[in-house]
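To be precise, the following lines are structure-v9.txt, and they hold compact mmCIF, C-alpha atoms.
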```
# COMPACT_ATOMS: atom_id res chain seq x y z
CA MET A 1 -21.03 2.95 -70.00
CA GLU A 2 -24.55 3.91 -70.91
CA ASP A 3 -26.24 3.37 -67.58
CA ASN A 4 -25.92 4.75 -64.11
CA TYR A 5 -26.34 1.95 -61.63
CA LEU A 6 -26.56 4.07 -58.48
CA ILE A 7 -29.51 5.98 -57.14
CA SER A 8 -29.62 8.37 -54.20
CA GLY A 9 -31.79 7.09 -51.32
CA PRO A 10 -34.18 4.13 -51.29
CA ILE A 11 -35.42 2.48 -54.48
CA SER A 12 -39.01 3.72 -54.56
CA GLN A 13 -42.14 1.91 -55.67
CA LYS A 14 -42.21 4.28 -58.65
CA ILE A 15 -38.75 3.24 -59.82
CA ILE A 16 -39.57 -0.43 -59.33
CA SER A 17 -42.72 -0.02 -61.42
CA GLU A 18 -40.80 1.73 -64.19
CA ILE A 19 -38.24 -1.06 -64.28
CA ILE A 20 -40.91 -3.77 -64.34
CA LEU A 21 -42.57 -2.08 -67.33
CA ARG A 22 -39.38 -2.87 -69.28
CA ILE A 23 -40.29 -6.58 -69.22
CA GLY A 24 -42.99 -5.87 -71.81
CA ARG A 25 -40.33 -4.57 -74.24
CA HIS A 26 -39.10 -8.12 -74.69
CA LYS A 27 -41.96 -10.05 -76.30
CA ASP A 28 -39.80 -13.17 -76.10
CA ALA A 29 -39.09 -12.89 -72.35
CA GLY A 30 -41.27 -15.56 -70.76
CA GLY A 31 -39.32 -15.76 -67.50
CA ASN A 32 -38.51 -12.65 -65.51
CA MET A 33 -36.86 -12.58 -62.12
CA LEU A 34 -36.74 -9.53 -59.89
CA PHE A 35 -34.62 -9.46 -56.74
CA LEU A 36 -35.36 -6.73 -54.20
CA GLY A 37 -32.95 -6.35 -51.31
CA GLN A 38 -34.55 -4.69 -48.31
CA VAL A 39 -32.79 -3.15 -45.30
CA ARG A 40 -33.48 -5.49 -42.38
CA ALA A 41 -34.17 -4.38 -38.80
CA ASP A 42 -31.30 -6.57 -37.59
CA GLU A 43 -30.15 -6.62 -34.00
CA ASN A 44 -26.46 -6.33 -33.24
CA GLU A 45 -25.26 -6.66 -29.66
CA GLY A 46 -28.65 -5.61 -28.34
CA LYS A 47 -29.00 -2.59 -30.65
CA ARG A 48 -31.52 -2.47 -33.47
CA VAL A 49 -30.61 -1.18 -36.94
CA LYS A 50 -32.81 1.72 -38.05
CA ALA A 51 -31.08 2.49 -41.36
CA ILE A 52 -28.05 1.79 -43.50
CA GLU A 53 -25.97 4.54 -45.06
CA TYR A 54 -24.40 3.26 -48.27
CA SER A 55 -21.35 4.81 -49.87
CA ALA A 56 -19.91 3.80 -53.22
CA TYR A 57 -17.04 4.38 -55.61
CA THR A 58 -19.29 5.49 -58.45
CA GLU A 59 -16.96 5.11 -61.43
CA MET A 60 -15.82 1.69 -60.39
CA VAL A 61 -19.39 0.59 -59.60
CA ASN A 62 -20.37 1.51 -63.14
CA ALA A 63 -17.37 -0.33 -64.61
CA GLU A 64 -17.98 -3.43 -62.48
CA ALA A 65 -21.72 -3.45 -63.15
CA GLU A 66 -20.99 -3.41 -66.89
CA LYS A 67 -18.61 -6.30 -66.35
CA ILE A 68 -21.30 -8.24 -64.46
CA LYS A 69 -23.74 -7.73 -67.32
CA ARG A 70 -21.17 -8.94 -69.86
CA THR A 71 -20.51 -12.03 -67.72
CA ILE A 72 -24.22 -12.84 -67.48
CA PHE A 73 -24.84 -12.37 -71.21
CA SER A 74 -21.88 -14.57 -72.07
CA GLU A 75 -22.92 -17.36 -69.66
CA PHE A 76 -26.69 -17.32 -70.27
CA ASP A 77 -27.67 -17.24 -73.93
CA ASP A 78 -31.41 -17.05 -73.18
CA VAL A 79 -31.10 -13.80 -71.17
CA LYS A 80 -32.51 -10.71 -72.91
CA SER A 81 -31.69 -7.99 -70.37
CA VAL A 82 -30.15 -7.36 -66.96
CA GLU A 83 -30.99 -4.31 -64.84
CA ILE A 84 -29.04 -3.39 -61.72
CA ILE A 85 -29.82 -0.52 -59.33
CA HIS A 86 -28.12 0.05 -55.98
CA SER A 87 -28.87 2.79 -53.44
CA THR A 88 -26.36 5.24 -52.03
CA GLY A 89 -26.97 7.36 -48.94
CA VAL A 90 -29.44 6.57 -46.19
CA VAL A 91 -31.99 3.77 -46.62
CA SER A 92 -34.27 2.97 -43.65
CA THR A 93 -35.35 -0.48 -42.54
CA GLY A 94 -38.23 -1.72 -44.66
CA GLU A 95 -36.97 0.17 -47.71
CA ILE A 96 -35.35 -1.32 -50.82
CA SER A 97 -31.64 -0.76 -51.52
CA LEU A 98 -30.88 -3.23 -54.31
CA LEU A 99 -32.84 -4.16 -57.42
CA VAL A 100 -31.87 -6.76 -60.00
CA LEU A 101 -34.13 -7.66 -62.91
CA VAL A 102 -33.27 -10.42 -65.35
CA CYS A 103 -35.52 -10.96 -68.37
CA SER A 104 -35.05 -14.29 -70.08
CA GLY A 105 -36.82 -16.45 -72.62
CA HIS A 106 -37.47 -19.18 -70.07
CA ARG A 107 -37.56 -19.37 -66.31
CA GLN A 108 -34.51 -21.55 -65.60
CA GLN A 109 -31.95 -19.09 -66.95
CA ALA A 110 -33.86 -16.14 -65.45
CA MET A 111 -33.50 -17.68 -62.00
CA GLN A 112 -29.89 -18.79 -62.35
CA ALA A 113 -28.80 -15.51 -63.93
CA CYS A 114 -30.60 -13.38 -61.34
CA SER A 115 -29.03 -15.35 -58.53
CA LYS A 116 -25.57 -15.09 -60.10
CA THR A 117 -25.99 -11.33 -60.71
CA VAL A 118 -26.79 -10.76 -57.03
CA GLU A 119 -23.76 -12.84 -55.96
CA LEU A 120 -21.49 -10.87 -58.31
CA ILE A 121 -22.88 -7.58 -56.98
CA LYS A 122 -22.07 -8.62 -53.41
CA ALA A 123 -18.57 -9.76 -54.43
CA THR A 124 -17.45 -7.11 -56.90
CA LEU A 125 -19.34 -3.80 -56.52
CA PRO A 126 -17.36 -1.27 -54.44
CA VAL A 127 -20.17 -0.35 -52.04
CA TRP A 128 -19.90 0.00 -48.26
CA LYS A 129 -22.47 0.18 -45.55
CA LYS A 130 -22.65 1.96 -42.25
CA GLU A 131 -25.30 0.40 -40.03
CA ILE A 132 -27.07 3.10 -38.02
CA TYR A 133 -28.76 1.99 -34.80
CA GLU A 134 -31.80 3.38 -33.06
CA ASP A 135 -29.53 5.15 -30.55
CA ASP A 136 -27.72 6.85 -33.51
CA SER A 137 -24.48 4.96 -32.92
CA HIS A 138 -23.10 3.11 -35.95
CA THR A 139 -20.80 0.36 -37.14
CA TRP A 140 -19.22 -0.33 -40.53
CA SER A 141 -19.72 -3.69 -42.17
CA MET B 1 -58.30 -21.30 -47.78
CA GLU B 2 -57.95 -17.64 -47.12
CA ASP B 3 -56.66 -16.50 -50.48
CA ASN B 4 -57.84 -16.61 -54.02
CA TYR B 5 -54.91 -17.40 -56.27
CA LEU B 6 -56.60 -16.75 -59.60
CA ILE B 7 -57.26 -13.46 -61.29
CA SER B 8 -59.24 -12.77 -64.43
CA GLY B 9 -57.09 -11.45 -67.30
CA PRO B 10 -53.46 -10.27 -67.21
CA ILE B 11 -51.70 -9.40 -63.96
CA SER B 12 -51.58 -5.61 -64.21
CA GLN B 13 -48.84 -3.23 -63.14
CA LYS B 14 -51.21 -2.06 -60.38
CA ILE B 15 -51.56 -5.54 -58.93
CA ILE B 16 -47.81 -6.11 -59.14
CA SER B 17 -47.20 -2.84 -57.28
CA GLU B 18 -49.69 -3.76 -54.56
CA ILE B 19 -48.01 -7.13 -54.08
CA ILE B 20 -44.53 -5.56 -53.93
CA LEU B 21 -45.70 -3.17 -51.21
CA ARG B 22 -46.22 -6.24 -49.00
CA ILE B 23 -42.45 -6.68 -48.77
CA GLY B 24 -42.31 -3.70 -46.42
CA ARG B 25 -44.61 -5.49 -43.96
CA HIS B 26 -41.76 -7.85 -43.12
CA LYS B 27 -39.05 -5.72 -41.53
CA ASP B 28 -36.91 -8.83 -41.31
CA ALA B 29 -37.19 -9.74 -45.02
CA GLY B 30 -33.82 -8.79 -46.51
CA GLY B 31 -34.12 -10.96 -49.61
CA ASN B 32 -37.19 -10.82 -51.81
CA MET B 33 -37.62 -12.63 -55.09
CA LEU B 34 -40.38 -11.88 -57.56
CA PHE B 35 -41.01 -14.11 -60.57
CA LEU B 36 -43.12 -12.71 -63.39
CA GLY B 37 -44.15 -15.08 -66.15
CA GLN B 38 -44.95 -13.29 -69.38
CA VAL B 39 -46.81 -14.64 -72.41
CA ARG B 40 -44.18 -15.08 -75.14
CA ALA B 41 -44.76 -14.37 -78.84
CA ASP B 42 -43.65 -17.92 -79.68
CA GLU B 43 -43.79 -19.33 -83.17
CA ASN B 44 -45.34 -22.73 -83.72
CA GLU B 45 -45.21 -24.29 -87.19
CA GLY B 46 -44.91 -20.88 -88.80
CA LYS B 47 -47.74 -19.29 -86.82
CA ARG B 48 -47.12 -16.64 -84.17
CA VAL B 49 -48.88 -16.72 -80.77
CA LYS B 50 -50.87 -13.56 -80.07
CA ALA B 51 -52.42 -14.61 -76.75
CA ILE B 52 -52.99 -17.49 -74.37
CA GLU B 53 -56.38 -18.34 -72.95
CA TYR B 54 -55.97 -19.96 -69.55
CA SER B 55 -58.60 -22.11 -67.91
CA ALA B 56 -58.40 -23.53 -64.40
CA TYR B 57 -60.11 -25.78 -61.90
CA THR B 58 -60.53 -23.04 -59.32
CA GLU B 59 -61.21 -25.08 -56.18
CA MET B 60 -58.34 -27.43 -56.82
CA VAL B 61 -56.00 -24.55 -57.73
CA ASN B 62 -56.73 -22.99 -54.34
CA ALA B 63 -56.17 -26.30 -52.53
CA GLU B 64 -52.92 -27.03 -54.41
CA ALA B 65 -51.61 -23.48 -53.97
CA GLU B 66 -52.16 -23.80 -50.20
CA LYS B 67 -50.27 -27.09 -50.35
CA ILE B 68 -47.37 -25.42 -52.21
CA LYS B 69 -47.17 -22.71 -49.54
CA ARG B 70 -47.12 -25.30 -46.76
CA THR B 71 -44.34 -27.21 -48.56
CA ILE B 72 -42.24 -24.04 -48.95
CA PHE B 73 -42.70 -22.95 -45.33
CA SER B 74 -41.75 -26.42 -44.09
CA GLU B 75 -38.62 -26.64 -46.29
CA PHE B 76 -37.36 -23.04 -45.92
CA ASP B 77 -37.31 -21.77 -42.36
CA ASP B 78 -36.11 -18.29 -43.36
CA VAL B 79 -39.12 -17.62 -45.62
CA LYS B 80 -41.61 -15.06 -44.26
CA SER B 81 -44.27 -15.10 -46.98
CA VAL B 82 -45.19 -16.62 -50.33
CA GLU B 83 -47.60 -14.97 -52.76
CA ILE B 84 -48.96 -16.75 -55.83
CA ILE B 85 -51.21 -15.24 -58.52
CA HIS B 86 -52.14 -16.92 -61.80
CA SER B 87 -54.26 -15.50 -64.61
CA THR B 88 -57.34 -17.09 -66.09
CA GLY B 89 -58.90 -16.07 -69.40
CA VAL B 90 -57.10 -14.28 -72.23
CA VAL B 91 -53.62 -12.84 -71.70
CA SER B 92 -51.88 -11.28 -74.71
CA THR B 93 -48.20 -11.57 -75.56
CA GLY B 94 -46.14 -9.12 -73.51
CA GLU B 95 -48.56 -9.37 -70.58
CA ILE B 96 -47.94 -11.12 -67.24
CA SER B 97 -49.84 -14.32 -66.39
CA LEU B 98 -47.98 -15.63 -63.34
CA LEU B 99 -46.62 -13.86 -60.27
CA VAL B 100 -44.70 -15.44 -57.42
CA LEU B 101 -43.23 -13.38 -54.57
CA VAL B 102 -41.13 -14.94 -51.84
CA CYS B 103 -40.00 -12.75 -48.93
CA SER B 104 -37.17 -14.21 -46.90
CA GLY B 105 -34.69 -13.07 -44.31
CA HIS B 106 -31.76 -13.66 -46.62
CA ARG B 107 -31.32 -13.99 -50.34
CA GLN B 108 -30.33 -17.66 -50.66
CA GLN B 109 -33.62 -19.06 -49.38
CA ALA B 110 -35.60 -16.38 -51.25
CA MET B 111 -34.07 -17.57 -54.52
CA GLN B 112 -34.35 -21.29 -53.85
CA ALA B 113 -37.89 -21.02 -52.51
CA CYS B 114 -39.07 -18.82 -55.40
CA SER B 115 -37.61 -21.23 -57.90
CA LYS B 116 -39.19 -24.22 -56.17
CA THR B 117 -42.58 -22.46 -55.93
CA VAL B 118 -42.60 -21.85 -59.69
CA GLU B 119 -41.67 -25.49 -60.38
CA LEU B 120 -44.47 -26.72 -58.08
CA ILE B 121 -46.95 -24.39 -59.79
CA LYS B 122 -46.06 -25.83 -63.19
CA ALA B 123 -46.29 -29.41 -61.85
CA THR B 124 -49.33 -29.30 -59.58
CA LEU B 125 -51.72 -26.42 -60.39
CA PRO B 126 -54.64 -27.56 -62.56
CA VAL B 127 -54.36 -24.84 -65.20
CA TRP B 128 -54.53 -25.30 -68.98
CA LYS B 129 -53.61 -23.10 -71.86
CA LYS B 130 -54.98 -22.59 -75.32
CA GLU B 131 -52.46 -20.84 -77.53
CA ILE B 132 -54.22 -18.43 -79.87
CA TYR B 133 -52.36 -17.53 -83.08
CA GLU B 134 -52.45 -14.37 -85.14
CA ASP B 135 -54.77 -16.09 -87.66
CA ASP B 136 -57.19 -16.92 -84.75
CA SER B 137 -56.53 -20.67 -84.97
CA HIS B 138 -55.50 -22.32 -81.71
CA THR B 139 -53.83 -25.33 -80.11
CA TRP B 140 -53.96 -26.74 -76.59
CA SER B 141 -50.77 -27.29 -74.70
CA MET C 1 -76.55 -41.94 -56.35
CA GLU C 2 -75.34 -39.07 -58.48
CA VAL C 3 -71.89 -37.60 -59.05
CA LYS C 4 -70.79 -34.42 -60.80
CA VAL C 5 -68.17 -34.65 -63.56
CA LEU C 6 -66.11 -31.64 -64.74
CA PHE C 7 -64.24 -31.51 -68.07
CA PHE C 8 -61.24 -29.21 -68.46
CA GLY C 9 -58.94 -27.88 -71.15
CA VAL C 10 -58.98 -29.66 -74.47
CA LEU C 11 -61.50 -32.19 -73.05
CA ALA C 12 -64.10 -29.46 -72.54
CA GLU C 13 -63.53 -28.43 -76.14
CA VAL C 14 -63.76 -31.89 -77.72
CA SER C 15 -66.81 -32.88 -75.64
CA GLY C 16 -68.50 -29.51 -75.95
CA THR C 17 -69.33 -29.96 -72.26
CA SER C 18 -67.90 -28.63 -69.03
CA ILE C 19 -70.21 -30.23 -66.44
CA LYS C 20 -72.28 -33.41 -66.62
CA HIS C 21 -74.01 -35.47 -63.94
CA TYR C 22 -73.84 -39.26 -63.91
CA GLU C 23 -75.93 -41.75 -61.90
CA ASN C 24 -75.28 -45.27 -60.65
CA VAL C 25 -71.50 -45.27 -60.82
CA ARG C 26 -69.74 -47.16 -58.03
CA SER C 27 -66.16 -46.54 -59.00
CA LEU C 28 -64.03 -44.42 -61.32
CA ALA C 29 -63.71 -47.47 -63.59
CA ASP C 30 -67.56 -47.56 -63.93
CA LEU C 31 -67.67 -43.84 -64.63
CA LYS C 32 -64.92 -44.11 -67.23
CA LEU C 33 -66.98 -46.60 -69.26
CA LYS C 34 -70.00 -44.30 -69.21
CA ILE C 35 -67.96 -41.29 -70.27
CA GLN C 36 -66.38 -43.35 -73.03
CA ASP C 37 -69.87 -44.19 -74.36
CA ASP C 38 -70.83 -40.51 -74.39
CA PHE C 39 -67.56 -39.03 -75.63
CA PRO C 40 -65.41 -41.67 -77.31
CA GLU C 41 -63.20 -39.01 -78.98
CA MET C 42 -62.08 -37.82 -75.54
CA PHE C 43 -60.10 -40.97 -75.05
CA HIS C 44 -57.61 -40.01 -77.73
CA TYR C 45 -56.25 -37.54 -75.17
CA ASN C 46 -54.12 -38.09 -72.14
CA PHE C 47 -55.75 -37.21 -68.81
CA ARG C 48 -56.06 -38.09 -65.11
CA PHE C 49 -59.01 -38.11 -62.73
CA SER C 50 -59.45 -36.19 -59.50
CA VAL C 51 -62.13 -36.88 -56.88
CA ASN C 52 -62.95 -33.94 -54.65
CA ASN C 53 -59.73 -32.12 -55.66
CA THR C 54 -57.42 -35.10 -55.17
CA ILE C 55 -55.91 -37.03 -58.07
CA THR C 56 -56.76 -40.69 -57.76
CA ASP C 57 -56.90 -44.02 -59.64
CA ASP C 58 -59.54 -46.29 -61.20
CA GLU C 59 -60.12 -48.32 -58.02
CA HIS C 60 -61.49 -45.32 -56.18
CA VAL C 61 -65.01 -46.00 -54.81
CA LEU C 62 -67.41 -43.13 -55.44
CA LYS C 63 -70.11 -41.80 -53.16
CA ALA C 64 -73.10 -39.56 -53.80
CA GLY C 65 -72.17 -35.93 -54.35
CA ASP C 66 -68.54 -36.58 -55.30
CA GLU C 67 -66.99 -34.08 -57.69
CA ILE C 68 -64.90 -35.81 -60.32
CA ALA C 69 -62.70 -33.90 -62.75
CA LEU C 70 -60.99 -35.00 -65.96
CA LEU C 71 -57.61 -33.30 -66.01
CA PRO C 72 -55.40 -33.05 -69.10
CA PRO C 73 -51.69 -32.47 -68.38
CA PHE C 74 -51.26 -29.21 -66.46
CA ALA C 75 -49.84 -26.25 -68.36
CA GLY C 76 -49.81 -23.32 -65.95
CA GLY C 77 -47.36 -20.43 -65.92
CA MET D 1 4.17 13.45 -60.84
CA GLU D 2 0.95 13.58 -58.89
CA VAL D 3 -1.66 10.94 -58.20
CA LYS D 4 -5.13 11.17 -56.66
CA VAL D 5 -6.02 8.92 -53.73
CA LEU D 6 -9.60 8.17 -52.67
CA PHE D 7 -10.60 6.77 -49.26
CA PHE D 8 -13.82 4.81 -48.87
CA GLY D 9 -16.07 3.40 -46.18
CA VAL D 10 -14.58 3.12 -42.72
CA LEU D 11 -11.25 4.45 -44.08
CA ALA D 12 -12.84 7.77 -44.99
CA GLU D 13 -14.21 7.95 -41.46
CA VAL D 14 -11.00 7.09 -39.60
CA SER D 15 -8.87 9.37 -41.80
CA GLY D 16 -11.42 12.19 -41.88
CA THR D 17 -10.49 12.44 -45.57
CA SER D 18 -12.04 11.29 -48.79
CA ILE D 19 -9.57 12.64 -51.37
CA LYS D 20 -5.88 13.46 -51.08
CA HIS D 21 -3.18 14.11 -53.67
CA TYR D 22 0.29 12.59 -53.36
CA GLU D 23 3.47 13.47 -55.28
CA ASN D 24 6.58 11.52 -56.20
CA VAL D 25 5.24 8.03 -55.76
CA ARG D 26 6.55 5.46 -58.24
CA SER D 27 4.61 2.42 -57.08
CA LEU D 28 1.76 1.41 -54.82
CA ALA D 29 4.36 0.25 -52.28
CA ASP D 30 5.78 3.81 -52.19
CA LEU D 31 2.32 5.31 -51.83
CA LYS D 32 1.42 2.89 -49.06
CA LEU D 33 4.36 4.12 -46.96
CA LYS D 34 3.32 7.74 -47.38
CA ILE D 35 -0.29 7.01 -46.47
CA GLN D 36 0.90 5.07 -43.44
CA ASP D 37 2.84 8.14 -42.27
CA ASP D 38 -0.24 10.33 -42.64
CA PHE D 39 -2.87 7.93 -41.31
CA PRO D 40 -1.28 5.14 -39.26
CA GLU D 41 -4.64 4.17 -37.69
CA MET D 42 -5.94 3.23 -41.14
CA PHE D 43 -3.66 0.22 -41.21
CA HIS D 44 -5.62 -1.49 -38.47
CA TYR D 45 -8.25 -2.13 -41.15
CA ASN D 46 -8.31 -4.59 -43.97
CA PHE D 47 -8.34 -3.06 -47.47
CA ARG D 48 -7.21 -3.42 -51.08
CA PHE D 49 -6.01 -0.92 -53.66
CA SER D 50 -7.42 -0.13 -57.06
CA VAL D 51 -5.68 1.90 -59.76
CA ASN D 52 -8.01 3.47 -62.30
CA ASN D 53 -10.90 1.21 -61.24
CA THR D 54 -8.92 -2.03 -61.31
CA ILE D 55 -7.83 -3.86 -58.19
CA THR D 56 -4.09 -4.37 -58.22
CA ASP D 57 -1.04 -5.23 -56.08
CA ASP D 58 1.90 -3.43 -54.52
CA GLU D 59 4.20 -3.87 -57.51
CA HIS D 60 1.98 -1.74 -59.70
CA VAL D 61 3.95 1.17 -61.22
CA LEU D 62 2.10 4.48 -61.00
CA LYS D 63 1.96 7.24 -63.58
CA ALA D 64 0.89 10.88 -63.32
CA GLY D 65 -2.86 11.33 -63.03
CA ASP D 66 -3.58 7.82 -61.79
CA GLU D 67 -6.60 7.49 -59.51
CA ILE D 68 -5.91 5.17 -56.62
CA ALA D 69 -8.61 4.01 -54.23
CA LEU D 70 -8.37 2.33 -50.83
CA LEU D 71 -11.15 -0.23 -50.72
CA PRO D 72 -12.38 -1.90 -47.52
CA PRO D 73 -14.20 -5.22 -48.04
CA PHE D 74 -17.27 -4.66 -50.21
CA ALA D 75 -20.65 -4.75 -48.49
CA GLY D 76 -23.24 -3.97 -51.16
CA GLY D 77 -26.78 -5.26 -51.26
```

So that I can check it, write out the structure of this file as structure tokens.
Amino acid sequence: MEDNYLISGPISQKIISEIILRIGRHKDAGGNMLFLGQVRADENEGKRVKAIEYSAYTEMVNAEAEKIKRTIFSEFDDVKSVEIIHSTGVVSTGEISLLVLVCSGHRQQAMQACSKTVELIKATLPVWKKEIYEDDSHTWS
Amino acid sequence: MEDNYLISGPISQKIISEIILRIGRHKDAGGNMLFLGQVRADENEGKRVKAIEYSAYTEMVNAEAEKIKRTIFSEFDDVKSVEIIHSTGVVSTGEISLLVLVCSGHRQQAMQACSKTVELIKATLPVWKKEIYEDDSHTWS
Amino acid sequence: MEVKVLFFGVLAEVSGTSIKHYENVRSLADLKLKIQDDFPEMFHYNFRFSVNNTITDDEHVLKAGDEIALLPPFAGG
Amino acid sequence: MEVKVLFFGVLAEVSGTSIKHYENVRSLADLKLKIQDDFPEMFHYNFRFSVNNTITDDEHVLKAGDEIALLPPFAGG
């Protein structure tokens, strides 16, 4: 495990920019897909979400994220790199909590692989969220 | 036509950052998909591409890009915004020449709509490319 | 009556021209013949016509001030 | 023999605990009974077990030093 996939707090513009710069490392990556998951100001039984507090099982997240990357590389031979970053702790509405970047030779595999990576993250990363409402009450989801 | 969809030269990190900041305007946009098309160092009959020179029919690009946005909004009711930027002029290998950002409530439509936008761009935007090789010869494609 | 004709991509290169005005052309078919006289080499390439930003066919009747473009296959992205 | 048990998400909240050590547990089934004694309210929630980062079932035989986690449904993204 070379990477750490978790970051404390929202994924800032600065981090996003740093990640995007990595596209240029792959001179053969014509198609690059970036997914940014933002905390939505959802309403739940008349109460509006103001933030989500994420918690995670760090070791297992790292192991599962490595597994996701291996799956993607084995299924998509045109993919050059996969980056995954997930927030822990409090992320307010309008802030980014999940980043996935797939660099690929051509666009088709970039799109399919990015989409599959996000689905695998939702299904297999041990991350939990506590939705915090404007009145400071919360629910787990 | 409110927007200009063409930009002279590569799409810089600064422009990408400015576009990404627009995600935060949509507090209900949970799923956001950014496609970045990069000029690849392809090899063609033993010669390596060093840059692409794009030319475009500006008025028609703007009209067709507006049409693409209308198509996406009519097919994907969860989509909040669609941004399209294409380079004109010389873009070197490792630089970005196409940006598409789709902000959507949820990830599924963000992914489908982003993918469809890129396909429509390839099919309907009047843009041409001259591949320039390391020996300064070129071909049109 | 006069129309404006734009040449794009490889067609601008082979003709050495990006804009040219033509007179007395009633239809795209008429215009095509005149362009073929001026730039016969252009017709080795595959292209379509647009009139005022809309792709159209040979039967299209032209009017003064129309903007016609010769469009090689698109290659954006 | 001792194992380490981690509680996540809503389970950490309802138990007021995030780590607890248990002794003399031979299998996950054994451990489950002990946890149920300590935190009966936890069993109103849906969760799975992992042993050393791998999701597993009740039959799993435990060994000293194993790290067990109680995992509510994942909700990343």

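Among the candidates A:His106, A:Arg70, A:His26, A:Lys130, the residue lying nearest to chain D is A:Lys130 (atoms considered: all atoms listed in the file).
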
Neighbours of chain B in chain A at 6 Å, counting only C-alpha atoms, as JSON, numbers by chain: {"A": [24, 27, 28, 30, 31, 32, 33, 34, 35, 36, 37, 38, 39, 40, 41, 94]}

Since we have the selection now, will you write its residues out, keeping C-alpha atoms, as an mmCIF file, in the frame of the given file?
```cif
data_model
loop_
_atom_site.group_PDB
_atom_site.id
_atom_site.type_symbol
_atom_site.label_atom_id
_atom_site.label_comp_id
_atom_site.auth_asym_id
_atom_site.auth_seq_id
_atom_site.Cartn_x
_atom_site.Cartn_y
_atom_site.Cartn_z
ATOM 1 C CA GLY A 24 -42.990 -5.870 -71.810
ATOM 2 C CA LYS A 27 -41.960 -10.050 -76.300
ATOM 3 C CA ASP A 28 -39.800 -13.170 -76.100
ATOM 4 C CA GLY A 30 -41.270 -15.560 -70.760
ATOM 5 C CA GLY A 31 -39.320 -15.760 -67.500
ATOM 6 C CA ASN A 32 -38.510 -12.650 -65.510
ATOM 7 C CA MET A 33 -36.860 -12.580 -62.120
ATOM 8 C CA LEU A 34 -36.740 -9.530 -59.890
ATOM 9 C CA PHE A 35 -34.620 -9.460 -56.740
ATOM 10 C CA LEU A 36 -35.360 -6.730 -54.200
ATOM 11 C CA GLY A 37 -32.950 -6.350 -51.310
ATOM 12 C CA GLN A 38 -34.550 -4.690 -48.310
ATOM 13 C CA VAL A 39 -32.790 -3.150 -45.300
ATOM 14 C CA ARG A 40 -33.480 -5.490 -42.380
ATOM 15 C CA ALA A 41 -34.170 -4.380 -38.800
ATOM 16 C CA GLY A 94 -38.230 -1.720 -44.660
#
```

Between atom CA of C:Leu6 and atom CA of C:Val61 - distance in Å to one decimal: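 About the pair atom CA of C:Val61 and atom CA of C:Leu6: they are 17.5 Å apart.
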
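Residue-level contacts from chain A to chain D at 6 Å, counting all atoms listed in the file, read Met60, Leu98, Lys122, Pro126, Val127 and Trp128 of chain A.
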
Could those selected residues go to a file with C-alpha atoms, as a short mmCIF file (atom, residue, chain, number, x, y, z; two decimals), in the frame of the given file?
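Everything below was put into selection.cif:
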```cif
data_model
loop_
_atom_site.label_atom_id
_atom_site.label_comp_id
_atom_site.auth_asym_id
_atom_site.auth_seq_id
_atom_site.Cartn_x
_atom_site.Cartn_y
_atom_site.Cartn_z
CA MET A 60 -15.82 1.69 -60.39
CA LEU A 98 -30.88 -3.23 -54.31
CA LYS A 122 -22.07 -8.62 -53.41
CA PRO A 126 -17.36 -1.27 -54.44
CA VAL A 127 -20.17 -0.35 -52.04
CA TRP A 128 -19.90 0.00 -48.26
#
```

Residue among D:Asp38, D:Glu67, D:Leu62, D:Phe49 lying closest to D:Val14, counting only C-alpha atoms: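 Looking only at the distances to D:Val14, the closest residue turns out to be D:Asp38.
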
Shell of 8 Å around stretch 133-135 of chain A, only C-alpha atoms, local chain residues under 4 positions omitted, as number ranges by chain: A: 47-51

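For the pair atom CA of D:Leu31 and atom CA of D:His60, the separation is 10.6 Å.
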
Nearest to D:Met1 by atom-to-atom distance, counting all atoms listed in the file, from D:Leu28, D:Leu70, D:Ala64, D:Val51: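 Closest to D:Met1, using all atoms listed in the file: D:Ala64.
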
Non-local contacts of D:His21 (9 Å; only C-alpha atoms; under 6 positions in same chain excluded) as a PyMOL selection string: chain D and resi 2-6

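Annotation: chain A versus chain B, same sequence, C-alpha RMSD 0.0 Å after least-squares fit.
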
Take every atom of stretch 91-101 of chain B listed in the file, fit an axis-aligned box around them, add 8 Å per side, and give the centre and edge lengths in Å to one decimal as JSON.
```
{"center_x": -48.4, "center_y": -12.4, "center_z": -65.1, "size_x": 26.4, "size_y": 22.5, "size_z": 37.0}
```

Distance in Å - atom CA of B:Gln109 versus atom CA of B:Asp77: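 Taking atom CA of B:Gln109 as the start and atom CA of B:Asp77 as the end point, the length is 8.4 Å.
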
Top pick for closest residue to A:Thr71, considering A:Ile84, A:Ser141, A:Lys116, A:Gly9 and counting all atoms listed in the file: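 Using all atoms listed in the file, the shortest distance to A:Thr71 belongs to A:Lys116.
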